[in-house]
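S.K.: Below is the file entry-v2.txt, which contains compact mmCIF, C-alpha atoms.
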```
# COMPACT_ATOMS: atom_id res chain seq x y z
CA MET A 1 65.71 13.26 -64.78
CA THR A 2 62.10 14.35 -64.75
CA ASP A 3 60.65 15.06 -61.32
CA VAL A 4 57.13 14.01 -62.29
CA THR A 5 56.19 10.50 -61.21
CA PRO A 6 54.57 8.72 -64.18
CA LEU A 7 50.91 7.70 -64.32
CA TRP A 8 49.89 4.03 -64.71
CA GLU A 9 46.55 2.41 -65.52
CA VAL A 10 45.52 -0.55 -63.38
CA PHE A 11 43.56 -3.60 -64.57
CA ILE A 12 42.33 -6.32 -62.20
CA ARG A 13 41.09 -9.85 -62.93
CA PRO A 14 38.45 -10.48 -60.24
CA ARG A 15 38.89 -14.24 -60.55
CA ASN A 16 40.08 -16.75 -63.12
CA GLY A 17 37.63 -17.06 -65.96
CA LEU A 18 36.97 -13.31 -66.12
CA ALA A 19 38.87 -10.70 -68.13
CA HIS A 20 41.07 -8.03 -66.55
CA LYS A 21 39.03 -4.89 -66.11
CA HIS A 22 40.20 -1.29 -65.80
CA VAL A 23 39.80 -0.10 -62.19
CA GLY A 24 41.70 3.19 -62.06
CA SER A 25 45.14 4.71 -62.16
CA LEU A 26 48.04 5.65 -59.90
CA HIS A 27 51.46 7.28 -59.89
CA ALA A 28 54.66 5.27 -59.46
CA ALA A 29 58.30 5.67 -60.45
CA ASP A 30 58.51 2.30 -62.24
CA GLU A 31 56.58 -0.89 -62.97
CA VAL A 32 57.77 -2.64 -59.81
CA LEU A 33 56.48 0.11 -57.52
CA ALA A 34 53.35 0.48 -59.66
CA LEU A 35 52.45 -3.18 -59.08
CA ASP A 36 53.01 -2.82 -55.33
CA ALA A 37 50.92 0.35 -55.20
CA ALA A 38 48.16 -1.23 -57.31
CA ARG A 39 47.94 -4.07 -54.80
CA ASP A 40 47.66 -1.62 -51.89
CA VAL A 41 45.28 0.83 -53.53
CA TYR A 42 42.97 -1.44 -55.51
CA THR A 43 42.90 -4.86 -53.80
CA ARG A 44 42.40 -4.22 -50.08
CA ARG A 45 39.32 -6.47 -50.05
CA GLU A 46 40.26 -9.43 -52.23
CA GLU A 47 39.07 -7.69 -55.39
CA GLY A 48 41.28 -9.80 -57.63
CA THR A 49 43.69 -12.61 -58.34
CA SER A 50 45.78 -10.86 -60.98
CA ILE A 51 46.91 -7.29 -61.72
CA TRP A 52 48.01 -5.71 -65.00
CA ILE A 53 49.55 -2.27 -65.12
CA MET A 54 50.57 -0.15 -68.08
CA ARG A 55 51.86 3.36 -68.64
CA SER A 56 48.93 5.70 -69.26
CA ASP A 57 50.87 7.50 -72.00
CA ALA A 58 51.13 4.20 -73.92
CA ILE A 59 47.36 4.08 -74.48
CA VAL A 60 46.06 5.12 -77.88
CA ALA A 61 42.38 6.07 -77.76
CA SER A 62 39.71 6.83 -80.33
CA ASP A 63 38.60 10.44 -80.47
CA PRO A 64 35.24 10.96 -78.70
CA ALA A 65 34.59 13.95 -80.96
CA HIS A 66 34.55 11.51 -83.91
CA ALA A 67 32.46 8.86 -82.17
CA ASP A 68 29.52 9.38 -84.53
CA GLU A 69 31.54 8.76 -87.71
CA THR A 70 33.57 5.98 -86.11
CA PHE A 71 30.68 3.89 -84.92
CA ASP A 72 27.87 4.93 -87.22
CA PRO A 73 28.66 2.48 -90.10
CA ALA A 74 27.67 -0.40 -87.80
CA GLY A 75 24.37 1.26 -86.89
CA ASP A 76 22.45 0.42 -90.07
CA LYS A 77 23.63 -3.19 -90.36
CA ILE A 78 20.80 -4.64 -88.36
CA TYR A 79 21.08 -7.86 -90.41
CA ARG A 80 24.10 -8.66 -88.22
CA HIS A 81 21.75 -9.33 -85.31
CA PRO A 82 19.78 -12.58 -84.87
CA THR A 83 16.49 -10.74 -84.31
CA PHE A 84 16.61 -9.50 -87.95
CA TYR A 85 15.58 -12.99 -89.16
CA LYS A 86 11.98 -14.18 -88.82
CA ILE A 87 11.66 -17.81 -87.78
CA PRO A 88 8.13 -19.22 -87.29
CA ASP A 89 7.21 -20.01 -83.67
CA GLU A 90 6.55 -23.64 -84.64
CA VAL A 91 10.26 -24.15 -85.28
CA GLY A 92 10.93 -23.48 -81.62
CA HIS A 93 13.97 -21.91 -80.01
CA MET A 94 16.91 -21.32 -82.33
CA MET B 1 33.09 17.11 -47.30
CA TYR B 2 31.86 17.09 -50.29
CA SER B 3 29.14 19.75 -50.49
CA GLN B 4 31.89 22.03 -49.26
CA GLY B 5 33.86 20.90 -52.30
CA LEU B 6 32.23 23.65 -54.32
CA ILE B 7 33.66 26.38 -52.09
CA GLY B 8 35.83 28.55 -54.31
CA ALA B 9 34.56 26.89 -57.50
CA ASP B 10 34.23 29.08 -60.55
CA GLY B 11 31.55 27.78 -62.91
CA SER B 12 31.70 30.75 -65.28
CA THR B 13 32.11 29.68 -68.86
CA ASN B 14 32.22 31.37 -72.26
CA GLU B 15 31.40 28.79 -74.91
CA THR B 16 28.84 29.42 -77.66
CA GLU B 17 25.21 28.91 -76.76
CA GLU B 18 25.04 26.11 -79.29
CA PHE B 19 27.91 24.24 -77.59
CA LEU B 20 26.41 24.72 -74.14
CA ALA B 21 22.98 23.58 -75.31
CA ALA B 22 24.42 20.43 -76.89
CA PHE B 23 26.32 19.68 -73.68
CA GLN B 24 23.22 20.32 -71.55
CA ALA B 25 21.23 17.97 -73.79
CA ARG B 26 23.71 15.17 -73.07
CA ILE B 27 23.49 15.90 -69.32
CA ASP B 28 19.68 15.98 -69.44
CA ALA B 29 19.69 12.62 -71.25
CA GLU B 30 21.66 11.24 -68.25
CA GLU B 31 24.68 10.54 -70.45
CA LYS B 32 27.92 10.32 -68.46
CA ILE B 33 30.67 12.72 -69.51
CA GLU B 34 34.05 11.00 -69.97
CA PRO B 35 37.57 12.50 -69.79
CA ASN B 36 38.20 13.37 -73.43
CA ASP B 37 34.64 14.46 -74.24
CA PRO B 38 34.02 18.09 -75.16
CA MET B 39 32.88 19.99 -72.05
CA PRO B 40 32.47 23.63 -71.01
CA ALA B 41 35.54 25.14 -69.31
CA GLY B 42 33.38 26.00 -66.31
CA TYR B 43 32.27 22.37 -65.93
CA ARG B 44 35.90 21.22 -66.02
CA ARG B 45 37.04 23.91 -63.56
CA THR B 46 34.21 23.21 -61.13
CA LEU B 47 34.98 19.49 -61.14
CA VAL B 48 38.73 19.99 -60.73
CA ARG B 49 38.02 22.18 -57.70
CA GLN B 50 35.41 19.86 -56.18
CA ILE B 51 37.18 16.54 -56.80
CA GLY B 52 40.51 18.01 -55.70
CA GLN B 53 39.02 19.34 -52.46
CA HIS B 54 37.25 16.04 -51.91
CA ALA B 55 40.61 14.24 -52.33
CA HIS B 56 42.32 16.65 -49.93
CA SER B 57 39.55 15.96 -47.39
CA GLU B 58 40.27 12.24 -47.54
CA ILE B 59 44.00 12.78 -47.11
CA VAL B 60 43.74 15.34 -44.30
CA GLY B 61 40.98 13.15 -42.84
CA MET B 62 43.61 10.54 -42.07
CA LEU B 63 45.15 12.84 -39.45
CA PRO B 64 42.47 13.10 -36.71
CA GLU B 65 42.11 9.31 -36.60
CA GLY B 66 45.74 8.48 -37.24
CA ASN B 67 46.24 10.38 -34.00
CA TRP B 68 44.66 7.42 -32.13
CA ASN B 69 46.25 4.47 -33.96
CA THR B 70 48.86 3.97 -31.26
CA ARG B 71 46.38 4.31 -28.40
CA ALA B 72 43.43 2.16 -29.47
CA PRO B 73 42.04 0.29 -26.43
CA SER B 74 42.26 -3.21 -27.97
CA LEU B 75 43.86 -5.05 -30.87
CA LYS B 76 40.45 -5.33 -32.58
CA ARG B 77 39.90 -1.57 -32.42
CA LYS B 78 43.44 -0.89 -33.55
CA ALA B 79 43.14 -3.20 -36.57
CA ALA B 80 39.84 -1.56 -37.55
CA LEU B 81 41.23 1.95 -37.15
CA LEU B 82 44.35 1.17 -39.18
CA ALA B 83 42.18 -0.31 -41.95
CA LYS B 84 39.93 2.75 -41.88
CA VAL B 85 42.80 5.22 -42.07
CA GLN B 86 44.35 3.19 -44.91
CA ASP B 87 40.98 3.31 -46.72
CA GLU B 88 40.90 7.11 -46.42
CA GLY B 89 44.33 7.25 -48.03
CA GLY B 90 43.09 4.99 -50.83
CA HIS B 91 39.99 7.15 -51.32
CA GLY B 92 42.19 10.21 -51.65
CA LEU B 93 44.16 8.42 -54.37
CA TYR B 94 41.03 7.35 -56.32
CA LEU B 95 39.86 10.95 -56.23
CA TYR B 96 43.19 12.51 -57.23
CA SER B 97 43.21 10.13 -60.22
CA ALA B 98 39.68 11.17 -61.16
CA ALA B 99 40.69 14.86 -61.00
CA GLU B 100 43.80 14.17 -63.09
CA THR B 101 41.64 12.90 -65.96
CA LEU B 102 40.54 16.55 -66.29
CA GLY B 103 44.08 17.74 -66.97
CA VAL B 104 45.27 18.91 -63.55
CA SER B 105 48.49 17.33 -62.21
CA ARG B 106 48.96 15.64 -58.86
CA GLU B 107 51.88 17.97 -58.14
CA GLN B 108 49.67 21.00 -58.72
CA MET B 109 46.92 19.70 -56.43
CA THR B 110 49.40 18.86 -53.69
CA GLU B 111 50.91 22.33 -53.99
CA GLU B 112 47.46 23.93 -53.70
CA LEU B 113 46.65 21.93 -50.57
CA ILE B 114 49.93 22.74 -48.85
CA SER B 115 49.86 26.42 -49.77
CA GLY B 116 46.31 26.70 -48.39
CA LYS B 117 44.89 27.73 -51.78
CA ALA B 118 42.66 24.66 -51.94
CA LYS B 119 40.29 23.79 -49.10
CA TYR B 120 39.35 20.53 -47.44
CA SER B 121 36.36 19.73 -45.28
CA SER B 122 35.99 21.97 -42.24
CA ILE B 123 35.32 18.94 -40.04
CA PHE B 124 38.99 17.91 -39.97
CA ASN B 125 39.99 21.16 -38.32
CA TYR B 126 38.41 19.97 -35.09
CA PRO B 127 40.60 18.02 -32.64
CA THR B 128 40.00 14.40 -31.64
CA LEU B 129 40.47 14.64 -27.89
CA ASN B 130 39.78 11.12 -26.66
CA TRP B 131 38.79 7.62 -27.71
CA ALA B 132 35.07 8.43 -27.75
CA ASP B 133 35.82 10.81 -30.63
CA MET B 134 36.86 7.79 -32.73
CA GLY B 135 33.35 6.45 -32.23
CA ALA B 136 31.68 9.78 -32.94
CA VAL B 137 33.83 10.48 -36.01
CA GLY B 138 33.03 7.10 -37.56
CA TRP B 139 29.34 7.38 -36.75
CA LEU B 140 28.71 11.06 -37.55
CA VAL B 141 31.50 12.22 -39.85
CA ASP B 142 31.57 9.11 -42.01
CA GLY B 143 27.78 8.98 -41.79
CA ALA B 144 27.52 12.51 -43.17
CA ALA B 145 30.19 11.77 -45.77
CA ILE B 146 28.32 8.67 -46.97
CA MET B 147 25.08 10.66 -47.23
CA ASN B 148 26.88 13.07 -49.57
CA GLN B 149 28.84 10.47 -51.46
CA ILE B 150 25.89 8.22 -52.26
CA ALA B 151 24.39 11.23 -54.02
CA LEU B 152 27.67 11.73 -55.91
CA CYS B 153 27.60 8.15 -57.28
CA ARG B 154 25.19 9.56 -59.90
CA CYS B 155 27.34 12.59 -60.75
CA SER B 156 27.44 13.34 -64.48
CA TYR B 157 31.23 13.01 -64.67
CA GLY B 158 32.05 9.31 -65.19
CA PRO B 159 35.42 8.99 -63.40
CA TYR B 160 34.10 10.86 -60.31
CA ALA B 161 30.93 8.74 -60.18
CA ARG B 162 32.96 5.51 -60.49
CA ALA B 163 35.35 6.59 -57.72
CA MET B 164 32.35 7.37 -55.50
CA ILE B 165 30.85 3.93 -56.05
CA ARG B 166 34.10 2.34 -54.83
CA VAL B 167 34.35 4.73 -51.89
CA CYS B 168 30.75 4.15 -50.76
CA ALA B 169 31.17 0.38 -50.88
CA GLU B 170 34.22 0.66 -48.61
CA GLU B 171 32.91 3.30 -46.24
CA SER B 172 29.90 1.56 -44.78
CA PHE B 173 32.30 -0.33 -42.50
CA HIS B 174 33.66 3.00 -41.28
CA GLN B 175 30.31 4.20 -40.01
CA ARG B 176 29.39 0.84 -38.48
CA GLN B 177 32.68 0.49 -36.58
CA GLY B 178 32.18 4.01 -35.21
CA TYR B 179 28.65 3.31 -34.07
CA GLU B 180 29.83 0.08 -32.45
CA ILE B 181 32.43 2.03 -30.45
CA MET B 182 29.65 4.40 -29.29
CA LEU B 183 27.42 1.45 -28.41
CA THR B 184 30.16 -0.19 -26.36
CA MET B 185 30.85 3.02 -24.45
CA CYS B 186 27.15 3.69 -23.86
CA ASN B 187 26.77 0.20 -22.41
CA GLY B 188 29.82 0.72 -20.19
CA THR B 189 30.36 2.72 -17.03
CA LYS B 190 28.76 6.11 -16.34
CA ALA B 191 32.12 7.78 -17.09
CA GLN B 192 32.32 6.01 -20.47
CA LYS B 193 28.79 7.00 -21.41
CA ASP B 194 29.55 10.59 -20.39
CA MET B 195 32.55 10.55 -22.72
CA ALA B 196 30.32 9.36 -25.58
CA GLN B 197 27.81 12.15 -24.87
CA ASP B 198 30.63 14.70 -24.71
CA ALA B 199 31.97 13.55 -28.11
CA LEU B 200 28.47 13.86 -29.60
CA ASN B 201 28.11 17.34 -28.08
CA ARG B 202 31.34 18.53 -29.67
CA LEU B 203 30.97 16.86 -33.09
CA TRP B 204 27.23 17.17 -33.82
CA TRP B 205 27.25 20.74 -35.14
CA PRO B 206 30.53 20.43 -37.06
CA ALA B 207 29.05 17.27 -38.69
CA LEU B 208 25.97 19.24 -39.80
CA MET B 209 28.26 21.92 -41.24
CA MET B 210 29.88 19.30 -43.48
CA PHE B 211 26.88 19.63 -45.81
CA GLY B 212 27.85 23.24 -46.54
CA PRO B 213 25.91 26.50 -46.35
CA HIS B 214 22.10 26.70 -46.54
CA ASP B 215 20.76 26.41 -50.10
CA GLY B 216 19.98 30.12 -50.28
CA ASP B 217 23.60 30.99 -49.41
CA SER B 218 25.29 28.35 -51.54
CA ALA B 219 26.82 30.43 -54.30
CA HIS B 220 27.76 27.72 -56.79
CA SER B 221 25.00 25.21 -56.28
CA GLU B 222 22.61 26.19 -59.03
CA GLN B 223 24.94 25.71 -61.99
CA SER B 224 26.32 22.52 -60.44
CA MET B 225 22.82 21.12 -60.04
CA LYS B 226 22.05 21.96 -63.67
CA TRP B 227 25.20 20.15 -64.82
CA LYS B 228 24.33 17.28 -62.46
CA ILE B 229 27.69 17.50 -60.72
CA LYS B 230 25.56 17.85 -57.61
CA ARG B 231 22.21 16.08 -57.46
CA PHE B 232 20.73 17.08 -54.11
CA SER B 233 20.81 20.39 -52.29
CA ASN B 234 22.90 20.92 -49.14
CA ASP B 235 19.81 21.31 -46.95
CA ALA B 236 18.09 18.24 -48.41
CA LEU B 237 21.11 16.05 -47.61
CA ARG B 238 21.59 17.63 -44.17
CA ASN B 239 17.94 16.96 -43.27
CA LYS B 240 18.20 13.40 -44.52
CA PHE B 241 21.24 12.91 -42.30
CA ILE B 242 19.46 14.32 -39.23
CA ASN B 243 16.40 12.15 -39.81
CA ALA B 244 18.59 9.05 -40.06
CA THR B 245 20.84 9.90 -37.11
CA VAL B 246 18.45 11.07 -34.37
CA PRO B 247 16.91 7.59 -33.85
CA GLN B 248 20.43 6.12 -33.73
CA ALA B 249 21.31 8.56 -30.93
CA GLU B 250 18.10 7.63 -29.10
CA PHE B 251 19.04 3.97 -29.29
CA LEU B 252 22.38 4.82 -27.66
CA GLY B 253 20.52 6.73 -24.94
CA LEU B 254 22.33 9.94 -25.94
CA THR B 255 20.88 13.43 -26.33
CA ILE B 256 21.35 15.47 -29.53
CA PRO B 257 22.82 18.82 -28.35
CA ASP B 258 20.13 20.91 -30.03
CA PRO B 259 17.36 22.20 -27.71
CA ASP B 260 15.39 23.43 -30.74
CA LEU B 261 15.31 20.07 -32.50
CA ASN B 262 11.72 19.03 -33.07
CA TRP B 263 9.62 16.75 -35.21
CA ASP B 264 7.35 18.22 -37.88
CA ASP B 265 4.65 15.88 -39.20
CA THR B 266 4.08 17.92 -42.34
CA LEU B 267 7.60 17.54 -43.79
CA ASN B 268 8.58 15.10 -46.55
CA ASN B 269 5.06 14.83 -48.00
CA GLY B 270 3.54 13.91 -44.67
CA ALA B 271 6.19 11.35 -43.69
CA GLY B 272 7.53 13.87 -41.19
CA GLY B 273 11.05 15.03 -40.42
CA TYR B 274 13.18 16.90 -37.91
CA VAL B 275 13.67 20.65 -37.87
CA HIS B 276 17.02 21.68 -36.42
CA GLY B 277 18.03 24.81 -34.50
CA PRO B 278 20.25 27.55 -35.96
CA ILE B 279 23.72 26.57 -37.18
CA ASP B 280 26.61 28.85 -36.19
CA TRP B 281 27.71 29.91 -39.67
CA ASP B 282 30.23 32.38 -38.24
CA GLU B 283 32.08 29.41 -36.78
CA PHE B 284 31.76 27.56 -40.09
CA TRP B 285 33.33 30.35 -42.15
CA ARG B 286 35.99 30.96 -39.52
CA VAL B 287 37.06 27.31 -39.77
CA VAL B 288 36.80 27.21 -43.59
CA ASN B 289 38.94 30.32 -43.84
CA GLY B 290 41.74 28.89 -41.74
CA ASP B 291 40.96 29.81 -38.14
CA GLY B 292 39.75 26.52 -36.69
CA VAL B 293 41.50 24.88 -33.75
CA MET B 294 43.51 22.53 -35.93
CA ASN B 295 43.90 24.27 -39.33
CA ARG B 296 47.53 25.23 -38.87
CA GLU B 297 48.55 21.90 -37.42
CA ARG B 298 46.81 19.93 -40.21
CA LEU B 299 48.55 21.87 -42.97
CA ALA B 300 51.88 21.73 -41.16
CA ALA B 301 51.53 17.94 -40.85
CA ARG B 302 50.77 17.57 -44.58
CA LYS B 303 53.67 19.84 -45.51
CA ARG B 304 56.04 17.95 -43.22
CA ALA B 305 54.96 14.60 -44.72
CA HIS B 306 55.42 15.95 -48.25
CA ASP B 307 58.82 17.49 -47.53
CA ASP B 308 60.06 14.47 -45.59
CA GLY B 309 58.98 12.23 -48.45
CA ALA B 310 60.82 14.22 -51.13
CA TRP B 311 63.97 12.10 -50.95
CA VAL B 312 61.90 8.92 -51.35
CA ARG B 313 60.25 10.23 -54.52
CA GLU B 314 63.62 11.34 -55.88
CA ALA B 315 65.29 8.04 -55.01
CA ALA B 316 62.48 6.01 -56.62
CA LEU B 317 62.76 8.01 -59.85
CA ALA B 318 66.56 7.76 -59.86
CA HIS B 319 66.33 4.01 -59.28
CA ALA B 320 63.76 3.64 -62.07
CA GLU B 321 66.03 5.57 -64.42
CA LYS B 322 69.03 3.41 -63.51
CA ARG B 323 67.07 0.19 -64.05
CA ALA B 324 65.73 1.42 -67.39
CA ALA B 325 69.26 2.33 -68.53
CA ARG B 326 70.58 -1.07 -67.44
CA MET B 327 67.81 -2.91 -69.26
CA ALA B 328 68.40 -0.85 -72.40
CA ALA B 329 72.09 -1.75 -72.29
CA GLU B 330 71.42 -5.48 -72.06
```
Can I see the file as structure tokens?

M.R.:
Amino acid sequence: MTDVTPLWEVFIRPRNGLAHKHVGSLHAADEVLALDAARDVYTRREEGTSIWIMRSDAIVASDPAHADETFDPAGDKIYRHPTFYKIPDEVGHM
Amino acid sequence: MYSQGLIGADGSTNETEEFLAAFQARIDAEEKIEPNDPMPAGYRRTLVRQIGQHAHSEIVGMLPEGNWNTRAPSLKRKAALLAKVQDEGGHGLYLYSAAETLGVSREQMTEELISGKAKYSSIFNYPTLNWADMGAVGWLVDGAAIMNQIALCRCSYGPYARAMIRVCAEESFHQRQGYEIMLTMCNGTKAQKDMAQDALNRLWWPALMMFGPHDGDSAHSEQSMKWKIKRFSNDALRNKFINATVPQAEFLGLTIPDPDLNWDDTLNNGAGGYVHGPIDWDEFWRVVNGDGVMNRERLAARKRAHDDGAWVREAALAHAEKRAARMAAE
């Protein structure tokens, strides 16, 4: 048995219609206690209507040191944005 | 608490000049630094120290007020005090999490608090003697904390800044409930108003000390300002606090216990400001270094809580392991 209490990430849906958003993390022995703790730590003022929790060590993240290479290919594709196309004013809003 | 968080911080760092310049350029461009980003070892170490000590301050800060939970004068005051103490616990947890993103473990931070290696704000080593202190703590101590923490909302380290935004949103109730207690006592009997004045007399100077040493004596401030861990100097924040608080004391009909306090028209680009009398820095360092009235009791209380809770942590882990094994077997 490990004596280190695992770390969990907490996501809260502020209200129906909005996505769950990361709010922070906490330590708990298992998912049942993690949900209870998330309620106590992150929703003392009606911050949400739904909580997701997941083990922090289950997250796979992109490497910030490679952010330039990872995201650069999208940088020169300005034709993916609506403002790239010239529409005469007379046509009106499109 | 908070400007004292840098006490004991070691900002020394030995990266290449090129690395440090690239990092400084990101800071100067107001980019937030996130957990896995490259950062100088000194930046990481300074933040671990400061955020950890800030977290410890929140946790130890539960003790002086928790002391009065069972003796609040009405159900309304009791509910507010319980909520406030629970908030402080929550703020400690947000901050521990923020520090953990830098690679320090919760167990290590707890160990450093209990062994006395890490500090917490000097203010919590003063006793809370009577109910008026609950008013003065909320008004002055939370007021000073908010002054510091609003500045930290713009800290260059993302997780710390985000935790501060949450904390500030929750803490404004703390200061207001404290001021309301003071107001009620000042509108009460002569004896009640005297108690309020006595609480102000005892807590005024310790509250000013929360902002840490004068700028000229603040060993780690310069590098922290450059890295935008800290955005305003200790003296600037202390003066801002005094300017905001003196009129609030006047409204209560209370006297600030500083005979040298006077208004100077020329300060703050002609807007004016208060100049305060000398702060007893010998007392400050005595308390920081462990010799305040309550230092030993605070640490003993934290150690007792941690030791008494050991079986709960063990049982929770054992139960989690048993459940996981059962689910795997199904």

S.K.: Between atom CA of B:Ala249 and atom CA of B:Phe211, what is the distance in Å, rounded to a tenth?

M.R.: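 Here the two named atoms are 19.4 Å from each other.
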
S.K.: With all atoms listed in the file as the atoms that count, which of A:Ala29, A:Ala38, A:Met94, A:Ala58 lies nearest to A:Pro82?

M.R.: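 Result for the nearest residue to A:Pro82: A:Met94.
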
S.K.: Which residues of chain B sit at most 6 Å from chain A, using all atoms listed in the file? Give each one's shortest atom pair and distance in Å (one decimal place), in chain and ascending residue order, as JSON lines.

M.R.:
```
{"residue": "B:Asp37", "atom": "CA", "partner": "A:Pro64", "partner_atom": "CA", "distance": 5.7}
{"residue": "B:Gly90", "atom": "CA", "partner": "A:Val41", "partner_atom": "CA", "distance": 5.4}
{"residue": "B:Ala316", "atom": "CA", "partner": "A:Ala29", "partner_atom": "CA", "distance": 5.7}
{"residue": "B:Leu317", "atom": "CA", "partner": "A:Ala29", "partner_atom": "CA", "distance": 5.1}
{"residue": "B:Ala320", "atom": "CA", "partner": "A:Asp30", "partner_atom": "CA", "distance": 5.4}
```

S.K.: If you count all atoms listed in the file, which residues fall within 8 Å of stretch 288-301 of chain B, apart from same-chain ones fewer than 5 positions away, as a ChimeraX atom specification?

M.R.: /B:60,63,113-114,116,119,121-122,124-127

S.K.: Would you save the residues of that selection, restricted to C-alpha atoms, as an mmCIF file, in the frame of the given file?

M.R.:
```cif
data_model
loop_
_atom_site.group_PDB
_atom_site.id
_atom_site.type_symbol
_atom_site.label_atom_id
_atom_site.label_comp_id
_atom_site.auth_asym_id
_atom_site.auth_seq_id
_atom_site.Cartn_x
_atom_site.Cartn_y
_atom_site.Cartn_z
ATOM 1 C CA VAL B 60 43.740 15.340 -44.300
ATOM 2 C CA LEU B 63 45.150 12.840 -39.450
ATOM 3 C CA LEU B 113 46.650 21.930 -50.570
ATOM 4 C CA ILE B 114 49.930 22.740 -48.850
ATOM 5 C CA GLY B 116 46.310 26.700 -48.390
ATOM 6 C CA LYS B 119 40.290 23.790 -49.100
ATOM 7 C CA SER B 121 36.360 19.730 -45.280
ATOM 8 C CA SER B 122 35.990 21.970 -42.240
ATOM 9 C CA PHE B 124 38.990 17.910 -39.970
ATOM 10 C CA ASN B 125 39.990 21.160 -38.320
ATOM 11 C CA TYR B 126 38.410 19.970 -35.090
ATOM 12 C CA PRO B 127 40.600 18.020 -32.640
#
```

S.K.: Excluding A:Asn16 and any residue of its chain fewer than 2 positions from it, enumerate the residues within 10 Å of it, using all atoms listed in the file, and give them as number ranges by chain.

M.R.: A: 13-14, 18-20, 48-50

S.K.: Work out where the centre of an axis-aligned box around every listed atom of stretch 198-207 of chain B lies and how long its edges are once 3 Å is added on each side; give both in Å to one decimal as lines of an AutoDock Vina configuration file.

M.R.:
```
center_x = 29.6
center_y = 17.1
center_z = -31.7
size_x = 10.7
size_y = 13.2
size_z = 20.0
```

S.K.: Between atom CA of B:Ile150 and atom CA of B:Met225, what is the spacing in Å?

M.R.: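 It comes out at 15.4 Å.
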
S.K.: Counting all atoms listed in the file, which residues come within 12 Å of (27.9, 14.8, -27.1), with the point read in the file's coordinates, and could you list them as a VMD selection string?

M.R.: chain B and resid 132 to 133 135 to 137 140 182 186 192 to 207 249 252 to 258

S.K.: Pick out the residues sitting within 6 Å of stretch 8-25 of chain B, and hand them over as a VMD selection string; count only C-alpha atoms, and ignore anything fewer than 5 positions along from it in its own chain.

M.R.: chain B and resid 41 to 42 46 49

S.K.: Between atom CA of B:Cys153 and atom CA of B:Asp235, what is the distance, to one decimal in Å?

M.R.: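 Calculated distance between atom CA of B:Cys153 and atom CA of B:Asp235 is 18.5 Å.
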
S.K.: Give me the residues within 8 Å of B:Gln177 as a list in words, counting all atoms listed in the file and dropping any in the same chain fewer than 3 places off.

M.R.: Ala80, Gly135, Gly138, Trp139, Phe173, His174, Glu180 and Ile181 of chain B

S.K.: Using C-alpha atoms, can you write the selected residues to a file as a compact mmCIF listing (two decimals), in the frame of the given file?

M.R.:
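Written file, selection-v6.txt:
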```
# COMPACT_ATOMS: atom_id res chain seq x y z
CA ALA B 80 39.84 -1.56 -37.55
CA GLY B 135 33.35 6.45 -32.23
CA GLY B 138 33.03 7.10 -37.56
CA TRP B 139 29.34 7.38 -36.75
CA PHE B 173 32.30 -0.33 -42.50
CA HIS B 174 33.66 3.00 -41.28
CA GLU B 180 29.83 0.08 -32.45
CA ILE B 181 32.43 2.03 -30.45
```

S.K.: Might you pull out every residue within 6 Å of stretch 30-35 of chain B, with only C-alpha atoms counted and same-chain residues fewer than 5 positions away left off, and present them as an MDAnalysis selection string?

M.R.: chainID B and resid 101 156:158
